[in-house]
Every structure is written in structure tokens, then in C-alpha cells.
Amino acid sequence: RQTRTHTHTHKHKTKRHNTPRYTEGERDTMNASAMMQRRAVAPRQSAGRLSARAPTVVRAALATDASARPPRVILDDLPKVYAYDHCPYCVRVRLGLGLKNVKHDVVFMANDNIKQPTELIGKKIAPIFEIPDEQLIMGESMDIVKKVDSEEKYGETGFFAEATDRKDIKAWMKQVKDLLRLLHRPRYMAAALPEFQQQDSKDYFIAGHPVPPYDKPEWKAEDFGQDARVEAYATAMAQTDELLPQLNA
């Protein structure tokens, strides 16, 4: 259950929502859809409403016809999303704002930047949503999308349908979790993502995110060493031709 607390940020008092902490597995298993969400959207059989659950689906008209998009919403004080580009939960919020045509600012935090998110919301998480006219800072991507979809100042309300709780999708995500870690994590380091522009950020991520067959305690042990972690990432990347058929089976 979320509660509101007060914290000082910028030069005023800002309300803050305490948010649940995602497990590493929960983050990883959603990454399969994150990249697709940036590039394409699929039509929903029933017209009218859209799903806010990842992967989000939208009316085909919104994907192809700019005139079919909702009216542009530009608030006097633009809301701000603090994000990582590789984070599927951040993609969910940015996609929701984009589908509703809400103008907003995006701040990509360096992956090793602990101070900024901690000052904003009390711990290192993303996304973080800042609403200046409410002096409100909140986390939890679904809560952010629900707030934007329930308030008229962000345009049409009830734009997104309720989550479907698809058991088959959850089962698939669990099944391919290790494959996705092997395929995704090394590519984050090779891609030109804003949160990994400096080597310090890459080192921080690698140190905290193992690739199979290693578990986190073994991976983070001091005697394992960063050189072994980097080598494991390189080995995983080299397995691409072997892993892709398994993922697509």
C-alpha cells in the first residue's frame, strides 16, 4: 500500500509516493516487449480502449495516422519523467504519455547515479514522475499511467483498458527469463543508451546484473571479480546465434 510522505526537492516541499521495489526477475521478464513498444504498436480487436499493460496495444489508426491521435495536451508546467532507456517500466510510462499526446520532459539518469533518484523518491528506482503543478513526485509505472488516464487535465480519461492478467504471457516470460538475460544484458552495454554513456555506468550495471548460469551471490562475491563478469558478458554475446533459435522456438 502506498503512502505519501514529504521530502525537500528543488526549493520547495514535494509530496512523494513510497513505491514497491521490483525484483530483478520482474524487470528482466518484461524486457522482451520493451524494445518492440518503442518501434511498433498492434491493433486491438475491440475498438475504443487501449491496454495499459505491457506489451501495450493500440488502435492501428494511432500508429499510422497522426490526425487520429488525441488532442495535444500541453500543461503550463510540463510533467517530467526520470528514466532509463532500457527499462521496460520507463517505456510503459513514456508510451502511455505518448499515446495520450501529453507533452512532457524526459531526463535520462546515468545508471550509476544513485544520488538523484534517492533525493527525488528515497531510493534508486525508475521511472520517477514529477508533476510540478501538484508538487508531487511518484513512482510505480502502473500507478503513473493510471493517474494520467484518470485526470482530465491529461486529456480523455478511461483511454486505457484494464489489465488482462494473461496467464499465458506470464508463463512465457518465466520460461524465457534466462535466455533474455543472456541476450539483453550484453546488448545494453553495446548499444548507445543514454544511461550507459560513461564506463562507470556500464561497470555499475555489470557488477549488479549477472548472466546465467551465475546467480547473484556468486556474481557479486569479491573473489569473482569484475574481469570475470565482463568476460561472462562477452561470452553471452557470442552465443547469439545459438540462443535466438531457442527464444523463437
# chains A, B, ... in the order shown; residues from 1 in each chain; ligands from 1
>>> closest_atom_pairs(of="stretch 111-219 of chain A", to="stretch 78-91 of chain A", cutoff="8 Å", atoms="only C-alpha atoms", output="CSV")
residue,atom,partner,partner_atom,distance
A:Asn111,CA,A:Tyr84,CA,7.4
A:Ala126,CA,A:Ala83,CA,5.5
A:Pro127,CA,A:Ala83,CA,4.9
A:Ile128,CA,A:Tyr82,CA,5.0
A:Phe129,CA,A:Val81,CA,4.8
A:Glu130,CA,A:Lys80,CA,5.0
A:Ile131,CA,A:Pro79,CA,4.8
A:Pro132,CA,A:Pro79,CA,6.4
A:Ser141,CA,A:Tyr89,CA,5.7
A:Tyr188,CA,A:His86,CA,7.1
A:Leu193,CA,A:Asp85,CA,6.3
A:Pro194,CA,A:Asp85,CA,6.9
A:Glu195,CA,A:Tyr84,CA,6.0
>>> write_last_selection(atoms="all heavy atoms", output="JSON list (two decimals), in the first residue's frame")
[["chain", "number", "residue", "atom", "x", "y", "z"],
["A", 111, "ASN", "N", 23.24, 5.37, -15.13],
["A", 111, "ASN", "CA", 22.88, 4.16, -14.38],
["A", 111, "ASN", "C", 23.54, 4.08, -13.02],
["A", 111, "ASN", "O", 23.02, 3.44, -12.11],
["A", 111, "ASN", "CB", 23.20, 2.91, -15.20],
["A", 111, "ASN", "CG", 22.56, 1.67, -14.64],
["A", 111, "ASN", "OD1", 23.24, 0.82, -14.07],
["A", 111, "ASN", "ND2", 21.25, 1.56, -14.77],
["A", 126, "ALA", "N", 13.43, 3.54, -11.14],
["A", 126, "ALA", "CA", 12.92, 4.26, -12.31],
["A", 126, "ALA", "C", 11.73, 3.46, -12.83],
["A", 126, "ALA", "O", 11.70, 2.23, -12.69],
["A", 126, "ALA", "CB", 13.99, 4.40, -13.39],
["A", 127, "PRO", "N", 10.73, 4.14, -13.40],
["A", 127, "PRO", "CA", 10.66, 5.58, -13.66],
["A", 127, "PRO", "C", 10.26, 6.37, -12.41],
["A", 127, "PRO", "O", 9.74, 5.81, -11.44],
["A", 127, "PRO", "CB", 9.57, 5.68, -14.72],
["A", 127, "PRO", "CG", 8.63, 4.56, -14.37],
["A", 127, "PRO", "CD", 9.52, 3.44, -13.90],
["A", 128, "ILE", "N", 10.51, 7.66, -12.49],
["A", 128, "ILE", "CA", 10.04, 8.61, -11.48],
["A", 128, "ILE", "C", 9.28, 9.70, -12.23],
["A", 128, "ILE", "O", 9.75, 10.20, -13.26],
["A", 128, "ILE", "CB", 11.22, 9.23, -10.70],
["A", 128, "ILE", "CG1", 11.99, 8.12, -9.96],
["A", 128, "ILE", "CG2", 10.72, 10.29, -9.73],
["A", 128, "ILE", "CD1", 13.30, 8.60, -9.35],
["A", 129, "PHE", "N", 8.09, 10.03, -11.76],
["A", 129, "PHE", "CA", 7.22, 11.00, -12.43],
["A", 129, "PHE", "C", 7.10, 12.22, -11.53],
["A", 129, "PHE", "O", 6.65, 12.13, -10.39],
["A", 129, "PHE", "CB", 5.86, 10.37, -12.68],
["A", 129, "PHE", "CG", 4.98, 11.15, -13.62],
["A", 129, "PHE", "CD1", 5.44, 11.60, -14.83],
["A", 129, "PHE", "CD2", 3.65, 11.39, -13.28],
["A", 129, "PHE", "CE1", 4.61, 12.28, -15.71],
["A", 129, "PHE", "CE2", 2.81, 12.07, -14.14],
["A", 129, "PHE", "CZ", 3.28, 12.53, -15.36],
["A", 130, "GLU", "N", 7.49, 13.37, -12.05],
["A", 130, "GLU", "CA", 7.41, 14.62, -11.30],
["A", 130, "GLU", "C", 6.34, 15.51, -11.92],
["A", 130, "GLU", "O", 6.35, 15.77, -13.13],
["A", 130, "GLU", "CB", 8.76, 15.34, -11.29],
["A", 130, "GLU", "CG", 8.75, 16.62, -10.49],
["A", 130, "GLU", "CD", 10.12, 17.28, -10.40],
["A", 130, "GLU", "OE1", 11.04, 16.85, -11.12],
["A", 130, "GLU", "OE2", 10.26, 18.24, -9.61],
["A", 131, "ILE", "N", 5.40, 15.98, -11.09],
["A", 131, "ILE", "CA", 4.30, 16.82, -11.53],
["A", 131, "ILE", "C", 4.44, 18.17, -10.83],
["A", 131, "ILE", "O", 4.00, 18.33, -9.68],
["A", 131, "ILE", "CB", 2.94, 16.18, -11.21],
["A", 131, "ILE", "CG1", 2.92, 14.71, -11.67],
["A", 131, "ILE", "CG2", 1.80, 16.96, -11.87],
["A", 131, "ILE", "CD1", 1.71, 13.95, -11.20],
["A", 132, "PRO", "N", 5.05, 19.15, -11.50],
["A", 132, "PRO", "CA", 5.37, 20.41, -10.81],
["A", 132, "PRO", "C", 4.16, 21.14, -10.25],
["A", 132, "PRO", "O", 4.22, 21.68, -9.14],
["A", 132, "PRO", "CB", 6.06, 21.24, -11.91],
["A", 132, "PRO", "CG", 6.59, 20.23, -12.87],
["A", 132, "PRO", "CD", 5.60, 19.11, -12.85],
["A", 141, "SER", "N", 5.21, 2.40, -12.32],
["A", 141, "SER", "CA", 4.76, 2.75, -13.67],
["A", 141, "SER", "C", 3.25, 2.61, -13.85],
["A", 141, "SER", "O", 2.62, 3.46, -14.48],
["A", 141, "SER", "CB", 5.50, 1.90, -14.71],
["A", 141, "SER", "OG", 5.24, 0.52, -14.52],
["A", 188, "TYR", "N", 22.81, -4.15, -23.86],
["A", 188, "TYR", "CA", 22.72, -2.84, -23.22],
["A", 188, "TYR", "C", 24.08, -2.16, -23.20],
["A", 188, "TYR", "O", 24.19, -0.94, -23.37],
["A", 188, "TYR", "CB", 22.21, -2.98, -21.78],
["A", 188, "TYR", "CG", 20.82, -3.53, -21.62],
["A", 188, "TYR", "CD1", 20.44, -4.13, -20.43],
["A", 188, "TYR", "CD2", 19.88, -3.46, -22.64],
["A", 188, "TYR", "CE1", 19.16, -4.65, -20.25],
["A", 188, "TYR", "CE2", 18.61, -3.97, -22.48],
["A", 188, "TYR", "CZ", 18.25, -4.56, -21.28],
["A", 188, "TYR", "OH", 16.99, -5.08, -21.11],
["A", 193, "LEU", "N", 22.92, 3.69, -25.39],
["A", 193, "LEU", "CA", 21.86, 4.12, -24.49],
["A", 193, "LEU", "C", 22.35, 5.25, -23.59],
["A", 193, "LEU", "O", 23.49, 5.22, -23.13],
["A", 193, "LEU", "CB", 21.39, 2.94, -23.63],
["A", 193, "LEU", "CG", 20.82, 1.74, -24.41],
["A", 193, "LEU", "CD1", 20.43, 0.62, -23.44],
["A", 193, "LEU", "CD2", 19.64, 2.15, -25.25],
["A", 194, "PRO", "N", 21.52, 6.24, -23.33],
["A", 194, "PRO", "CA", 21.98, 7.43, -22.59],
["A", 194, "PRO", "C", 22.46, 7.13, -21.18],
["A", 194, "PRO", "O", 23.36, 7.81, -20.68],
["A", 194, "PRO", "CB", 20.76, 8.35, -22.59],
["A", 194, "PRO", "CG", 19.60, 7.46, -22.88],
["A", 194, "PRO", "CD", 20.12, 6.37, -23.75],
["A", 195, "GLU", "N", 21.89, 6.12, -20.53],
["A", 195, "GLU", "CA", 22.29, 5.81, -19.15],
["A", 195, "GLU", "C", 23.62, 5.09, -19.07],
["A", 195, "GLU", "O", 24.17, 4.93, -17.99],
["A", 195, "GLU", "CB", 21.21, 4.98, -18.45],
["A", 195, "GLU", "CG", 20.92, 3.65, -19.10],
["A", 195, "GLU", "CD", 19.74, 3.72, -20.06],
["A", 195, "GLU", "OE1", 19.60, 4.76, -20.74],
["A", 195, "GLU", "OE2", 18.96, 2.76, -20.13]]
>>> select_by_dssp(residues="stretch 133-215 of chain A", states="helix (DSSP H, G or I)", output="ChimeraX atom specification")
/A:133-134,141-150,152-154,167-175,177-190,194-196,199-208
>>> write_last_selection(atoms="N, CA and C atoms", output="compact mmCIF listing (two decimals), in the first residue's frame")
# COMPACT_ATOMS: atom_id res chain seq x y z
N ASP A 133 3.04 21.18 -10.97
CA ASP A 133 1.90 21.97 -10.50
C ASP A 133 1.22 21.34 -9.29
N GLU A 134 1.51 20.08 -9.00
CA GLU A 134 0.99 19.42 -7.81
C GLU A 134 2.07 19.26 -6.74
N SER A 141 5.21 2.40 -12.32
CA SER A 141 4.76 2.75 -13.67
C SER A 141 3.25 2.61 -13.85
N MET A 142 2.65 1.55 -13.32
CA MET A 142 1.21 1.38 -13.49
C MET A 142 0.44 2.48 -12.76
N ASP A 143 0.91 2.89 -11.59
CA ASP A 143 0.24 3.97 -10.87
C ASP A 143 0.34 5.28 -11.64
N ILE A 144 1.48 5.50 -12.27
CA ILE A 144 1.66 6.72 -13.06
C ILE A 144 0.69 6.73 -14.25
N VAL A 145 0.63 5.61 -14.98
CA VAL A 145 -0.27 5.54 -16.14
C VAL A 145 -1.72 5.69 -15.70
N LYS A 146 -2.09 5.06 -14.60
CA LYS A 146 -3.46 5.17 -14.11
C LYS A 146 -3.81 6.61 -13.72
N LYS A 147 -2.87 7.29 -13.11
CA LYS A 147 -3.11 8.69 -12.74
C LYS A 147 -3.32 9.54 -13.98
N VAL A 148 -2.44 9.39 -14.96
CA VAL A 148 -2.55 10.16 -16.20
C VAL A 148 -3.85 9.84 -16.94
N ASP A 149 -4.33 8.62 -16.80
CA ASP A 149 -5.53 8.20 -17.52
C ASP A 149 -6.82 8.54 -16.78
N SER A 150 -6.70 8.99 -15.55
CA SER A 150 -7.91 9.24 -14.75
C SER A 150 -8.17 10.72 -14.49
N GLU A 152 -8.61 14.65 -16.03
CA GLU A 152 -8.97 15.34 -17.26
C GLU A 152 -7.90 16.30 -17.75
N LYS A 153 -7.04 16.74 -16.87
CA LYS A 153 -6.01 17.67 -17.33
C LYS A 153 -5.04 17.01 -18.30
N TYR A 154 -5.02 15.66 -18.32
CA TYR A 154 -4.18 14.92 -19.26
C TYR A 154 -4.98 14.46 -20.49
N LYS A 167 -2.34 -15.23 -18.27
CA LYS A 167 -1.51 -16.25 -17.65
C LYS A 167 -0.52 -16.83 -18.67
N ASP A 168 -0.90 -16.90 -19.94
CA ASP A 168 -0.01 -17.48 -20.94
C ASP A 168 1.21 -16.60 -21.16
N ILE A 169 1.01 -15.30 -21.12
CA ILE A 169 2.15 -14.38 -21.28
C ILE A 169 3.08 -14.49 -20.08
N LYS A 170 2.51 -14.56 -18.88
CA LYS A 170 3.34 -14.71 -17.68
C LYS A 170 4.15 -15.99 -17.73
N ALA A 171 3.53 -17.07 -18.20
CA ALA A 171 4.23 -18.35 -18.29
C ALA A 171 5.38 -18.27 -19.29
N TRP A 172 5.15 -17.61 -20.42
CA TRP A 172 6.21 -17.46 -21.42
C TRP A 172 7.36 -16.62 -20.87
N MET A 173 7.04 -15.53 -20.19
CA MET A 173 8.07 -14.67 -19.62
C MET A 173 8.96 -15.43 -18.64
N LYS A 174 8.34 -16.28 -17.83
CA LYS A 174 9.11 -17.08 -16.89
C LYS A 174 9.98 -18.09 -17.62
N GLN A 175 9.44 -18.67 -18.68
CA GLN A 175 10.16 -19.68 -19.44
C GLN A 175 11.42 -19.14 -20.10
N LYS A 177 13.15 -16.34 -19.25
CA LYS A 177 13.87 -15.37 -18.42
C LYS A 177 15.38 -15.46 -18.59
N ASP A 178 15.95 -16.65 -18.51
CA ASP A 178 17.40 -16.79 -18.62
C ASP A 178 17.89 -16.45 -20.03
N LEU A 179 17.13 -16.85 -21.04
CA LEU A 179 17.51 -16.51 -22.42
C LEU A 179 17.54 -15.00 -22.62
N LEU A 180 16.57 -14.32 -22.06
CA LEU A 180 16.52 -12.86 -22.22
C LEU A 180 17.68 -12.18 -21.51
N ARG A 181 18.05 -12.69 -20.35
CA ARG A 181 19.20 -12.11 -19.66
C ARG A 181 20.48 -12.26 -20.48
N LEU A 182 20.64 -13.41 -21.10
CA LEU A 182 21.82 -13.65 -21.93
C LEU A 182 21.83 -12.77 -23.17
N LEU A 183 20.67 -12.51 -23.72
CA LEU A 183 20.60 -11.72 -24.95
C LEU A 183 20.55 -10.22 -24.68
N HIS A 184 19.82 -9.81 -23.65
CA HIS A 184 19.62 -8.38 -23.42
C HIS A 184 20.81 -7.69 -22.76
N ARG A 185 21.27 -8.26 -21.67
CA ARG A 185 22.23 -7.53 -20.84
C ARG A 185 23.52 -7.17 -21.56
N PRO A 186 24.13 -8.08 -22.32
CA PRO A 186 25.34 -7.66 -23.05
C PRO A 186 25.04 -6.58 -24.09
N ARG A 187 23.83 -6.60 -24.65
CA ARG A 187 23.50 -5.61 -25.68
C ARG A 187 23.26 -4.22 -25.10
N TYR A 188 22.81 -4.15 -23.86
CA TYR A 188 22.72 -2.84 -23.22
C TYR A 188 24.08 -2.16 -23.20
N MET A 189 25.12 -2.95 -22.97
CA MET A 189 26.46 -2.39 -22.90
C MET A 189 26.98 -1.97 -24.28
N ALA A 190 26.49 -2.62 -25.32
CA ALA A 190 26.97 -2.32 -26.68
C ALA A 190 26.16 -1.23 -27.35
N PRO A 194 21.52 6.24 -23.33
CA PRO A 194 21.98 7.43 -22.59
C PRO A 194 22.46 7.13 -21.18
N GLU A 195 21.89 6.12 -20.53
CA GLU A 195 22.29 5.81 -19.15
C GLU A 195 23.62 5.09 -19.07
N PHE A 196 24.16 4.67 -20.23
CA PHE A 196 25.43 3.95 -20.25
C PHE A 196 26.48 4.68 -21.09
N GLN A 199 31.78 4.81 -18.86
CA GLN A 199 32.20 3.47 -18.45
C GLN A 199 31.80 3.17 -17.01
N ASP A 200 31.79 4.19 -16.16
CA ASP A 200 31.39 3.98 -14.77
C ASP A 200 29.98 3.39 -14.70
N SER A 201 29.08 3.88 -15.55
CA SER A 201 27.71 3.39 -15.56
C SER A 201 27.64 1.94 -16.04
N LYS A 202 28.43 1.61 -17.04
CA LYS A 202 28.47 0.23 -17.53
C LYS A 202 29.02 -0.71 -16.45
N ASP A 203 30.10 -0.29 -15.82
CA ASP A 203 30.70 -1.12 -14.77
C ASP A 203 29.71 -1.36 -13.63
N TYR A 204 28.97 -0.32 -13.28
CA TYR A 204 27.99 -0.42 -12.19
C TYR A 204 26.90 -1.44 -12.56
N PHE A 205 26.41 -1.36 -13.77
CA PHE A 205 25.37 -2.28 -14.21
C PHE A 205 25.87 -3.72 -14.24
N ILE A 206 27.03 -3.92 -14.85
CA ILE A 206 27.58 -5.27 -14.96
C ILE A 206 27.81 -5.88 -13.58
N ALA A 207 28.31 -5.08 -12.65
CA ALA A 207 28.60 -5.59 -11.31
C ALA A 207 27.34 -6.08 -10.60
N GLY A 208 26.18 -5.54 -10.94
CA GLY A 208 24.96 -5.89 -10.23
C GLY A 208 24.00 -6.80 -10.98
>>> closest_residue(among="A:Arg72, A:Gly96, A:Ala234, A:Phe224", to="A:Phe159", atoms="only C-alpha atoms")
A:Gly96
>>> atom_distance(atom1="atom CA of A:Gln246", atom2="atom CA of A:Glu231")
22.4 Å
>>> atom_distance(atom1="atom CA of A:Asp223", atom2="atom CA of A:His209")
16.2 Å
